$ cat input-v9.txt   # compact mmCIF, C-alpha atoms
# COMPACT_ATOMS: atom_id res chain seq x y z
CA MET A 1 86.14 48.82 235.18
CA ASN A 2 89.46 46.98 235.14
CA VAL A 3 93.10 48.08 235.39
CA THR A 4 95.08 46.43 232.61
CA ARG A 5 98.72 46.57 231.51
CA ILE A 6 99.17 46.86 227.73
CA ASN A 7 101.86 47.49 225.15
CA PRO A 8 100.85 50.91 223.71
CA LEU A 9 102.76 50.21 220.49
CA GLU A 10 100.82 47.03 219.76
CA ASP A 11 97.38 47.85 221.17
CA ARG A 12 95.59 50.18 218.73
CA ARG A 13 93.24 51.34 221.46
CA TRP A 14 96.08 53.38 222.97
CA SER A 15 96.39 55.52 219.87
CA LEU A 16 92.64 56.16 219.92
CA LEU A 17 92.77 57.20 223.59
CA VAL A 18 95.64 59.61 222.87
CA GLN A 19 93.83 61.14 219.89
CA THR A 20 90.67 61.79 221.89
CA HIS A 21 91.78 62.57 225.45
CA PRO A 22 91.93 66.33 226.22
CA GLN A 23 95.09 65.97 228.36
CA ALA A 24 97.10 64.05 225.75
CA SER A 25 100.30 65.54 224.35
CA VAL A 26 102.93 64.65 221.79
CA PHE A 27 104.73 62.68 224.52
CA HIS A 28 101.85 60.18 224.78
CA THR A 29 101.89 59.32 221.08
CA PRO A 30 103.03 55.98 219.66
CA ALA A 31 105.51 57.96 217.51
CA TRP A 32 107.30 59.30 220.61
CA LEU A 33 107.22 55.93 222.37
CA GLU A 34 108.54 54.13 219.31
CA SER A 35 111.38 56.65 218.97
CA LEU A 36 112.37 55.97 222.58
CA ARG A 37 112.24 52.22 222.00
CA ARG A 38 114.30 52.29 218.81
CA THR A 39 116.97 54.63 220.12
CA TYR A 40 117.41 53.61 223.75
CA ARG A 41 115.76 50.16 223.86
CA TYR A 42 113.25 51.33 226.47
CA GLU A 43 110.22 49.03 226.50
CA PRO A 44 106.93 50.98 226.65
CA VAL A 45 104.06 49.88 228.84
CA ALA A 46 100.77 51.57 229.71
CA TYR A 47 98.47 51.02 232.66
CA VAL A 48 94.93 51.60 231.49
CA LEU A 49 91.35 51.50 232.67
CA GLU A 50 89.04 49.64 230.35
CA ASP A 51 85.37 48.79 230.28
CA SER A 52 83.89 46.40 227.71
CA GLY A 53 87.14 46.60 225.75
CA HIS A 54 87.14 50.41 225.59
CA LEU A 55 90.04 52.40 227.08
CA PHE A 56 89.08 55.58 228.88
CA ALA A 57 92.13 56.34 231.07
CA GLY A 58 95.81 55.49 231.12
CA ILE A 59 99.39 56.31 232.11
CA PRO A 60 102.30 55.39 229.80
CA PHE A 61 105.68 54.34 231.17
CA CYS A 62 108.96 53.13 229.79
CA SER A 63 110.77 50.27 231.44
CA VAL A 64 114.37 51.47 231.74
CA SER A 65 117.01 48.85 232.48
CA SER A 66 120.62 49.86 233.15
CA VAL A 67 123.49 48.11 234.90
CA PHE A 68 124.81 51.54 235.88
CA THR A 69 121.74 53.45 237.04
CA GLY A 70 119.33 50.66 237.91
CA SER A 71 115.97 49.50 236.59
CA ARG A 72 112.88 51.68 236.91
CA LEU A 73 109.54 52.74 235.42
CA VAL A 74 109.54 56.30 234.09
CA SER A 75 106.64 58.28 232.66
CA LEU A 76 108.36 59.23 230.40
CA PRO A 77 112.12 59.43 229.71
CA PHE A 78 113.33 62.59 227.91
CA SER A 79 109.77 63.94 227.99
CA ASP A 80 109.18 67.45 229.33
CA HIS A 81 105.94 66.34 230.97
CA CYS A 82 103.51 63.44 230.76
CA GLN A 83 100.09 64.10 232.17
CA PRO A 84 98.15 61.02 233.35
CA LEU A 85 95.21 60.60 231.00
CA VAL A 86 92.54 60.47 233.68
CA ALA A 87 89.25 62.15 234.49
CA ASP A 88 89.66 62.33 238.26
CA ALA A 89 91.85 61.48 241.24
CA ALA A 90 90.24 58.06 241.73
CA GLN A 91 91.30 56.91 238.26
CA PHE A 92 94.82 58.19 238.82
CA GLU A 93 95.08 56.38 242.16
CA MET A 94 94.00 53.07 240.62
CA LEU A 95 96.50 53.29 237.77
CA LEU A 96 99.37 54.47 239.97
CA ALA A 97 98.72 51.69 242.51
CA ALA A 98 98.95 49.06 239.75
CA ALA A 99 102.23 50.50 238.49
CA GLU A 100 103.65 50.66 242.02
CA ARG A 101 102.73 47.04 242.66
CA ASP A 102 104.60 45.97 239.55
CA ALA A 103 107.59 48.12 240.48
CA THR A 104 107.71 46.50 243.92
CA ARG A 105 107.23 42.97 242.54
CA GLN A 106 110.04 43.49 240.03
CA SER A 107 112.32 45.07 242.68
CA LEU A 108 112.73 48.19 240.59
CA LYS A 109 114.82 51.04 241.93
CA TYR A 110 111.98 53.54 241.59
CA LEU A 111 108.91 54.68 239.68
CA GLU A 112 108.63 58.25 238.35
CA VAL A 113 105.77 60.34 236.97
CA ARG A 114 105.96 63.82 235.43
CA PRO A 115 102.46 65.30 235.61
CA LEU A 116 101.33 68.79 234.76
CA PRO A 117 99.42 70.32 237.69
CA ALA A 118 96.27 71.07 235.67
CA GLY A 119 93.38 68.79 236.49
CA LEU A 120 95.34 66.68 238.99
CA ASN A 121 95.18 66.86 242.77
CA MET A 122 98.76 66.48 243.96
CA GLU A 123 97.52 64.83 247.16
CA THR A 124 96.76 61.75 245.07
CA ILE A 125 100.48 61.23 244.44
CA GLY A 126 100.44 59.18 247.64
CA ALA A 127 103.79 57.67 248.61
CA LEU A 128 105.63 59.39 245.77
CA GLY A 129 107.77 62.37 246.71
CA PRO A 130 108.97 65.34 244.63
CA ASN A 131 112.26 64.54 242.91
CA ASN A 132 112.83 67.43 240.54
CA ALA A 133 111.18 70.75 239.75
CA VAL A 134 111.11 72.38 236.32
CA VAL A 135 109.04 74.98 234.51
CA VAL A 136 107.18 74.47 231.23
CA HIS A 137 106.22 77.42 229.02
CA LYS A 138 103.12 77.47 226.84
CA LEU A 139 102.21 80.22 224.42
CA ASP A 140 98.69 80.95 223.17
CA ILE A 141 99.08 81.47 219.41
CA SER A 142 95.36 81.64 218.65
CA ARG A 143 95.62 85.44 218.80
CA THR A 144 96.32 87.61 215.77
CA GLU A 145 99.92 88.30 214.74
CA GLU A 146 99.47 91.91 215.85
CA GLN A 147 98.30 90.81 219.30
CA LEU A 148 101.18 88.37 219.61
CA LEU A 149 103.77 90.95 218.59
CA ALA A 150 102.34 93.40 221.11
CA SER A 151 102.78 90.78 223.88
CA PHE A 152 106.45 90.16 223.08
CA HIS A 153 109.24 91.98 224.91
CA SER A 154 109.89 95.14 222.92
CA ASP A 155 113.68 95.07 223.01
CA CYS A 156 114.59 91.39 223.32
CA ILE A 157 112.02 89.92 220.91
CA ARG A 158 110.30 92.53 218.72
CA ARG A 159 113.52 94.43 218.02
CA LYS A 160 115.31 91.19 217.13
CA ILE A 161 112.51 90.14 214.76
CA GLY A 162 113.02 93.45 212.99
CA LYS A 163 116.79 93.01 212.99
CA ALA A 164 116.46 89.53 211.45
CA ASP A 165 114.40 91.07 208.65
CA ARG A 166 117.10 93.67 208.00
CA GLU A 167 119.74 90.92 207.96
CA HIS A 168 117.77 89.27 205.10
CA LEU A 169 117.91 85.85 206.73
CA HIS A 170 116.77 82.93 204.61
CA TYR A 171 114.21 80.50 206.05
CA GLU A 172 114.00 76.84 205.08
CA GLU A 173 112.09 73.93 206.57
CA GLY A 174 111.72 70.24 205.83
CA ARG A 175 113.06 66.80 206.65
CA SER A 176 115.95 66.37 204.24
CA GLU A 177 119.27 64.77 205.09
CA LYS A 178 121.00 68.09 204.41
CA LEU A 179 118.81 69.93 206.93
CA LEU A 180 119.36 67.18 209.51
CA LEU A 181 123.15 67.36 209.14
CA GLN A 182 123.14 71.16 209.39
CA PHE A 183 120.91 70.99 212.48
CA TYR A 184 123.10 68.35 214.13
CA SER A 185 126.32 70.23 213.43
CA MET A 186 124.97 73.26 215.30
CA LEU A 187 123.51 71.03 218.03
CA LEU A 188 127.04 69.77 218.73
CA MET A 189 128.24 73.39 218.98
CA THR A 190 125.43 74.30 221.39
CA ARG A 191 125.74 71.25 223.63
CA ARG A 192 129.51 71.66 223.78
CA ARG A 193 129.07 75.33 224.72
CA HIS A 194 126.79 74.29 227.60
CA GLY A 195 129.08 71.46 228.70
CA LEU A 196 126.46 68.78 227.98
CA PRO A 197 126.73 65.61 225.86
CA PRO A 198 124.60 65.69 222.70
CA GLN A 199 121.72 63.39 221.91
CA PRO A 200 122.86 60.73 219.43
CA MET A 201 122.17 61.27 215.74
CA LYS A 202 120.16 58.04 215.84
CA TRP A 203 117.60 59.75 218.10
CA PHE A 204 116.85 62.43 215.53
CA ARG A 205 116.72 59.96 212.64
CA ASN A 206 114.20 57.87 214.57
CA LEU A 207 112.10 60.95 215.41
CA MET A 208 112.03 61.88 211.73
CA GLU A 209 110.98 58.40 210.66
CA CYS A 210 108.35 57.94 213.36
CA PHE A 211 106.75 61.41 213.20
CA GLY A 212 106.85 61.87 209.44
CA GLU A 213 105.30 65.16 208.36
CA ASN A 214 104.58 66.09 211.98
CA LEU A 215 108.28 66.84 212.45
CA LYS A 216 110.04 69.81 210.88
CA ILE A 217 113.62 71.01 210.92
CA CYS A 218 113.71 74.77 210.42
CA LEU A 219 116.92 76.48 209.35
CA ALA A 220 118.01 80.11 209.24
CA SER A 221 120.92 81.02 207.00
CA LYS A 222 122.75 84.24 206.16
CA ASP A 223 124.58 84.64 202.87
CA GLY A 224 124.45 80.87 202.37
CA THR A 225 125.77 79.98 205.84
CA ALA A 226 123.56 78.11 208.33
CA ILE A 227 123.36 80.14 211.55
CA ALA A 228 120.50 78.62 213.61
CA SER A 229 118.11 75.69 213.56
CA ILE A 230 115.14 74.37 215.53
CA LEU A 231 113.29 71.07 215.51
CA THR A 232 109.52 71.11 216.09
CA LEU A 233 106.87 68.44 216.53
CA SER A 234 103.14 68.88 216.10
CA PHE A 235 100.23 67.08 217.72
CA ASN A 236 96.58 68.02 217.41
CA LYS A 237 96.49 71.82 217.82
CA THR A 238 99.90 72.16 219.51
CA LEU A 239 103.31 72.94 218.07
CA VAL A 240 106.14 71.67 220.29
CA TYR A 241 109.46 73.51 220.18
CA LYS A 242 111.69 70.60 221.20
CA TYR A 243 115.28 71.43 220.21
CA GLY A 244 117.12 74.59 219.24
CA CYS A 245 120.73 75.31 218.36
CA SER A 246 122.85 77.97 216.73
CA ASP A 247 126.30 79.00 215.58
CA PRO A 248 127.46 81.51 218.23
CA ARG A 249 129.46 83.47 215.67
CA TYR A 250 126.17 84.77 214.26
CA ASN A 251 124.22 85.44 217.47
CA SER A 252 123.91 89.12 216.59
CA ALA A 253 121.79 88.21 213.55
CA ALA A 254 118.99 86.93 215.85
CA GLY A 255 118.57 83.66 213.94
CA SER A 256 116.87 81.79 216.80
CA VAL A 257 114.28 84.54 217.35
CA PHE A 258 113.69 84.67 213.60
CA LEU A 259 113.06 80.90 213.46
CA LEU A 260 110.66 80.86 216.41
CA TRP A 261 108.62 83.71 214.94
CA GLN A 262 108.47 81.98 211.56
CA ALA A 263 107.44 78.71 213.24
CA ILE A 264 104.66 80.51 215.12
CA ARG A 265 103.36 82.18 211.97
CA ARG A 266 103.31 78.91 210.02
CA ALA A 267 101.67 77.04 212.89
CA LYS A 268 98.92 79.67 213.02
CA ALA A 269 98.39 79.34 209.27
CA ALA A 270 98.00 75.58 209.74
CA GLY A 271 95.29 76.09 212.38
CA LEU A 272 97.36 75.33 215.48
CA THR A 273 96.46 77.29 218.62
CA GLU A 274 99.26 76.63 221.14
CA MET A 275 103.04 76.48 221.20
CA ASP A 276 104.63 74.30 223.86
CA MET A 277 108.06 75.89 224.37
CA GLY A 278 109.30 72.99 226.48
CA ARG A 279 110.80 72.56 229.91
CA SER A 280 113.50 74.64 231.55
CA ASP A 281 115.43 73.78 234.69
CA TYR A 282 115.48 76.40 237.42
CA SER A 283 119.27 76.24 237.12
CA THR A 284 118.92 77.92 233.69
CA PRO A 285 117.34 81.29 234.54
CA GLY A 286 118.47 82.79 231.24
CA LEU A 287 116.43 80.26 229.28
CA ILE A 288 113.38 80.87 231.48
CA THR A 289 113.68 84.62 230.95
CA PHE A 290 114.01 84.15 227.18
CA LYS A 291 110.74 82.21 227.06
CA ASP A 292 109.03 84.67 229.42
CA ARG A 293 109.82 87.44 226.94
CA TRP A 294 107.69 85.75 224.32
CA GLY A 295 104.71 86.22 226.63
CA ALA A 296 104.46 82.48 227.31
CA ALA A 297 102.75 81.29 230.49
CA GLN A 298 104.92 79.56 233.08
CA ILE A 299 103.68 76.21 234.38
CA PRO A 300 105.64 74.85 237.37
CA VAL A 301 106.01 71.07 237.12
CA ASN A 302 107.19 68.61 239.76
CA TYR A 303 108.52 65.16 238.88
CA PHE A 304 107.49 62.62 241.52
CA ARG A 305 109.39 59.46 242.40
CA SER A 306 109.02 56.48 244.68
CA GLY A 307 112.12 55.09 246.34
CA PRO A 308 115.36 57.09 246.58
CA ARG A 309 115.10 60.81 245.88
CA ARG A 310 117.69 62.79 243.99
CA ARG A 311 120.27 64.16 246.39
CA THR A 312 122.02 67.51 246.30
CA ALA A 313 125.48 67.12 244.82
CA THR A 314 128.35 67.06 247.28
CA ALA A 315 131.41 69.23 246.74
CA PRO A 316 133.57 66.36 245.37
CA LYS A 317 130.81 65.37 242.96
CA SER A 318 130.44 68.99 241.83
CA LYS A 319 134.15 69.07 241.11
CA MET A 320 133.84 65.88 239.09
CA ASN A 321 130.98 67.39 237.10
CA ALA A 322 133.04 70.50 236.40
CA ALA A 323 135.95 68.37 235.21
CA ALA A 324 133.62 66.37 232.96
CA LYS A 325 132.25 69.58 231.44
CA ARG A 326 135.76 70.82 230.71
CA LEU A 327 136.51 67.50 228.99
CA LEU A 328 133.42 67.85 226.80
CA THR A 329 134.69 71.17 225.46
CA ILE A 330 137.85 69.67 223.99
CA VAL A 331 137.03 66.18 222.66
CA PRO A 332 136.56 65.91 218.85
CA ASP A 333 133.03 65.90 217.42
CA SER A 334 133.06 62.16 216.64
CA MET A 335 133.89 61.28 220.26
CA PHE A 336 131.55 63.98 221.57
CA SER A 337 128.61 62.50 219.66
CA ALA A 338 129.55 58.95 220.66
CA LEU A 339 129.55 59.95 224.34
CA GLY A 340 125.94 61.06 224.03
CA GLY A 341 124.99 57.75 222.45
CA LEU A 342 126.61 55.85 225.31
CA LEU A 343 125.33 57.98 228.18
CA TYR A 344 121.74 58.86 227.37
CA ARG A 345 120.37 55.34 227.53
CA HIS A 346 121.34 55.19 231.21
CA VAL A 347 119.91 58.55 232.31
CA GLY A 348 116.37 58.50 230.91

$ encode --input "input-v9.txt" --output "structure tokens"
Amino acid sequence: MNVTRINPLEDRRWSLLVQTHPQASVFHTPAWLESLRRTYRYEPVAYVLEDSGHLFAGIPFCSVSSVFTGSRLVSLPFSDHCQPLVADAAQFEMLLAAAERDATRQSLKYLEVRPLPAGLNMETIGALGPNNAVVVHKLDISRTEEQLLASFHSDCIRRKIGKADREHLHYEEGRSEKLLLQFYSMLLMTRRRHGLPPQPMKWFRNLMECFGENLKICLASKDGTAIASILTLSFNKTLVYKYGCSDPRYNSAAGSVFLLWQAIRRAKAAGLTEMDMGRSDYSTPGLITFKDRWGAAQIPVNYFRSGPRRRTATAPKSKMNAAAKRLLTIVPDSMFSALGGLLYRHVG
């Protein structure tokens, strides 16, 4: 049994491991890794255990190099979680030790992993310390529609599903350029409203090209006007709700709730059994509550990092962040989108 470092985009054995390992997710796939590489120029690498040429365990990383934020190994940038594909703590320790040795040899700023707690003893993290805490929501959609509806919050979800029906919202899904542009237009609105830079358009084009039919843009419209959109990815039996956005002028029409319910129904019809509703920061309690009301299970997730930990913002830094958010609300869309393209490569 040997620990080996491979390029998961060039070694076909990685794809086979991801397709067969019970802990694998959409974030382990070559499609996700290739999208990261194309958009942000992150170089993927995987530390794997092999025996007689067969891979049976592994952890993927991206090598992130930035003159502003330093060089590091991250598993994985812009990924809600990335469970080590291991059978036990011993395998995880071997793979992590190899990655840490390389990080030290290359004088990297830090190494980061983002494991789900299931099946992993946190004591094996070793010298890594917690750097950030988030919550991931997962919804069991193997139940009947009636059982699912009964588990939803009566006022905030079921009532809004009924309201969307009365509003006669139109549902559309696909991968067309028109749907992408409508989605991105509302994404700019949503990110601006939250005071956050948007992901670059190039990111979504690369996701579409790399995931093919496993990516869908879903759009809700009312009287011919687009009012909400979501982007989903699918892997094995899981539907991943990755991005959502809306036009706030039409919030009362419940377009986002309508789209999620339609996505769930179509995923069930396709034989999928789980919906990964993504990560939420504890600083966004409203988003956590929204996902709770769908009856989704909360999974607390810690990101672990070697080297410097993230520090609590000082008052001057908080003021700078507030000023930056105010600026993001007034710059034109072209500059707003360009800022995302410039910034995201350095924060992965």

$ residues_around --input "input-v9.txt" --residues "Phe304 (chain A)" --least-positions-apart "4" --cutoff "6 Å" --atoms "only C-alpha atoms" --output "ChimeraX atom specification"
/A:112-113,128-131

$ closest_residue --input "input-v9.txt" --among "A:Ala46, A:Ser25, A:Thr225, A:Leu16" --to "Thr4 (chain A)" --atoms "all atoms listed in the file"
A:Ala46

$ closest_atom_pairs --input "input-v9.txt" --of "region 233-319 of chain A" --to "region 72-82 of chain A" --cutoff "12 Å" --atoms "only C-alpha atoms" --output "CSV"
residue,atom,partner,partner_atom,distance
A:Val240,CA,A:Asp80,CA,10.4
A:Tyr241,CA,A:Asp80,CA,11.0
A:Lys242,CA,A:Asp80,CA,9.1
A:Tyr243,CA,A:Asp80,CA,11.7
A:Asp276,CA,A:Asp80,CA,9.9
A:Met277,CA,A:Asp80,CA,9.9
A:Gly278,CA,A:Asp80,CA,6.2
A:Arg279,CA,A:Asp80,CA,5.4
A:Ser280,CA,A:Asp80,CA,8.7
A:Asp281,CA,A:Asp80,CA,10.4
A:Ile299,CA,A:His81,CA,10.7
A:Pro300,CA,A:His81,CA,10.7
A:Val301,CA,A:His81,CA,7.8
A:Asn302,CA,A:His81,CA,9.2
A:Tyr303,CA,A:His81,CA,8.4
A:Phe304,CA,A:Ser75,CA,9.9
A:Arg305,CA,A:Val74,CA,8.9
A:Ser306,CA,A:Arg72,CA,9.9
A:Gly307,CA,A:Arg72,CA,10.1
A:Pro308,CA,A:Arg72,CA,11.4

$ closest_residue --input "input-v9.txt" --among "A:Tyr282, A:Thr69, A:Leu36, A:Val48" --to "Tyr110 (chain A)" --atoms "only C-alpha atoms"
A:Thr69

$ residues_around --input "input-v9.txt" --residues "Ile230 (chain A)" --least-positions-apart "5" --cutoff "7 Å" --atoms "all atoms listed in the file" --output "number ranges by chain"
A: 217-219, 243-245

$ residues_around --input "input-v9.txt" --residues "Arg101 (chain A)" --least-positions-apart "5" --cutoff "12 Å" --atoms "all atoms listed in the file" --output "PDB file with C-alpha atoms, keeping the file's coordinate frame"
ATOM      1  CA  ARG A   5      98.720  46.570 231.510  1.00  0.00           C
ATOM      2  CA  TYR A  47      98.470  51.020 232.660  1.00  0.00           C
ATOM      3  CA  LEU A  73     109.540  52.740 235.420  1.00  0.00           C
ATOM      4  CA  MET A  94      94.000  53.070 240.620  1.00  0.00           C
ATOM      5  CA  LEU A  95      96.500  53.290 237.770  1.00  0.00           C
ATOM      6  CA  LEU A  96      99.370  54.470 239.970  1.00  0.00           C
ATOM      7  CA  GLN A 106     110.040  43.490 240.030  1.00  0.00           C
ATOM      8  CA  SER A 107     112.320  45.070 242.680  1.00  0.00           C
ATOM      9  CA  LEU A 108     112.730  48.190 240.590  1.00  0.00           C
ATOM     10  CA  TYR A 110     111.980  53.540 241.590  1.00  0.00           C
ATOM     11  CA  LEU A 111     108.910  54.680 239.680  1.00  0.00           C
ATOM     12  CA  SER A 306     109.020  56.480 244.680  1.00  0.00           C
TER      13      SER A 306
END

$ residues_around --input "input-v9.txt" --residues "Gln91 (chain A)" --least-positions-apart "2" --cutoff "12 Å" --atoms "only C-alpha atoms" --output "MDAnalysis selection string"
chainID A and resid 1:3 47:50 56:59 84:89 93:98 120:121 124:125

$ closest_residue --input "input-v9.txt" --among "A:His194, A:Arg12, A:Lys138, A:Lys216" --to "Thr284 (chain A)" --atoms "only C-alpha atoms"
A:His194

$ atom_distance --input "input-v9.txt" --atom1 "CA of Asp102 (chain A)" --atom2 "CA of Gly341 (chain A)"
29.1 Å

$ atom_distance --input "input-v9.txt" --atom1 "CA of Pro44 (chain A)" --atom2 "CA of Cys62 (chain A)"
4.3 Å

$ atom_distance --input "input-v9.txt" --atom1 "CA of Arg158 (chain A)" --atom2 "CA of Ala220 (chain A)"
17.4 Å

$ closest_residue --input "input-v9.txt" --among "A:Ala99, A:Ile157, A:Val134, A:Cys210" --to "Trp294 (chain A)" --atoms "all atoms listed in the file"
A:Ile157

$ residues_around --input "input-v9.txt" --residues "Met189 (chain A)" --least-positions-apart "6" --cutoff "12 Å" --atoms "only C-alpha atoms" --output "ChimeraX atom specification"
/A:182-183,195-198,227-229,244-249,328-333,336-337

$ closest_residue --input "input-v9.txt" --among "A:Ser52, A:Thr190, A:Asn7, A:Asn236" --to "Ala24 (chain A)" --atoms "all atoms listed in the file"
A:Asn236

$ axis_aligned_box --input "input-v9.txt" --around "region 289-293 of chain A" --padding-each-side "8 Å" --output "JSON"
{"center_x": 111.5, "center_y": 84.8, "center_z": 228.9, "size_x": 21.0, "size_y": 21.2, "size_z": 20.0}

$ closest_residue --input "input-v9.txt" --among "A:Arg193, A:Ala164, A:Phe204, A:Gly286" --to "Leu181 (chain A)" --atoms "all atoms listed in the file"
A:Phe204

$ build_atoms --input "input-v9.txt" --residues "region 290-298 of chain A" --atoms "all heavy atoms" --output "compact mmCIF listing (two decimals), keeping the file's coordinate frame"
# COMPACT_ATOMS: atom_id res chain seq x y z
N PHE A 290 114.20 84.08 228.63
CA PHE A 290 114.01 84.15 227.18
C PHE A 290 112.59 83.75 226.79
O PHE A 290 111.92 84.42 225.99
CB PHE A 290 115.02 83.25 226.48
CG PHE A 290 114.83 83.13 224.99
CD1 PHE A 290 115.16 84.20 224.15
CD2 PHE A 290 114.33 81.97 224.43
CE1 PHE A 290 114.97 84.10 222.77
CE2 PHE A 290 114.15 81.86 223.05
CZ PHE A 290 114.47 82.93 222.23
N LYS A 291 112.09 82.67 227.38
CA LYS A 291 110.74 82.21 227.06
C LYS A 291 109.68 83.15 227.64
O LYS A 291 108.63 83.37 227.03
CB LYS A 291 110.55 80.77 227.55
CG LYS A 291 111.44 79.77 226.83
CD LYS A 291 111.30 78.37 227.41
CE LYS A 291 112.22 77.39 226.70
NZ LYS A 291 112.13 76.02 227.27
N ASP A 292 109.94 83.68 228.83
CA ASP A 292 109.03 84.67 229.42
C ASP A 292 108.82 85.84 228.46
O ASP A 292 107.72 86.39 228.36
CB ASP A 292 109.59 85.20 230.74
CG ASP A 292 109.47 84.22 231.90
OD1 ASP A 292 108.68 83.27 231.78
OD2 ASP A 292 110.16 84.42 232.91
N ARG A 293 109.88 86.25 227.79
CA ARG A 293 109.82 87.44 226.94
C ARG A 293 109.00 87.25 225.68
O ARG A 293 108.71 88.22 224.98
CB ARG A 293 111.25 87.90 226.62
CG ARG A 293 111.93 88.53 227.83
CD ARG A 293 113.39 88.81 227.63
NE ARG A 293 113.93 89.56 228.76
CZ ARG A 293 115.22 89.72 229.00
NH1 ARG A 293 116.12 89.18 228.18
NH2 ARG A 293 115.62 90.43 230.04
N TRP A 294 108.63 86.01 225.41
CA TRP A 294 107.69 85.75 224.32
C TRP A 294 106.23 85.86 224.80
O TRP A 294 105.30 85.67 224.02
CB TRP A 294 107.92 84.36 223.74
CG TRP A 294 109.16 84.25 222.91
CD1 TRP A 294 110.42 83.94 223.35
CD2 TRP A 294 109.28 84.47 221.50
NE1 TRP A 294 111.30 83.95 222.30
CE2 TRP A 294 110.64 84.28 221.15
CE3 TRP A 294 108.38 84.82 220.50
CZ2 TRP A 294 111.10 84.41 219.84
CZ3 TRP A 294 108.83 84.95 219.19
CH2 TRP A 294 110.18 84.75 218.87
N GLY A 295 106.06 86.14 226.08
CA GLY A 295 104.71 86.22 226.63
C GLY A 295 104.12 84.86 226.96
O GLY A 295 102.89 84.75 227.16
N ALA A 296 104.96 83.82 227.02
CA ALA A 296 104.46 82.48 227.31
C ALA A 296 104.16 82.34 228.80
O ALA A 296 104.83 82.94 229.65
CB ALA A 296 105.49 81.43 226.88
N ALA A 297 103.14 81.53 229.11
CA ALA A 297 102.75 81.29 230.49
C ALA A 297 103.67 80.25 231.12
O ALA A 297 103.97 79.22 230.51
CB ALA A 297 101.31 80.82 230.56
N GLN A 298 104.12 80.52 232.33
CA GLN A 298 104.92 79.56 233.08
C GLN A 298 104.04 78.55 233.78
O GLN A 298 103.05 78.92 234.43
CB GLN A 298 105.76 80.27 234.14
CG GLN A 298 107.02 80.93 233.66
CD GLN A 298 107.94 81.28 234.83
OE1 GLN A 298 107.90 80.65 235.88
NE2 GLN A 298 108.77 82.29 234.62
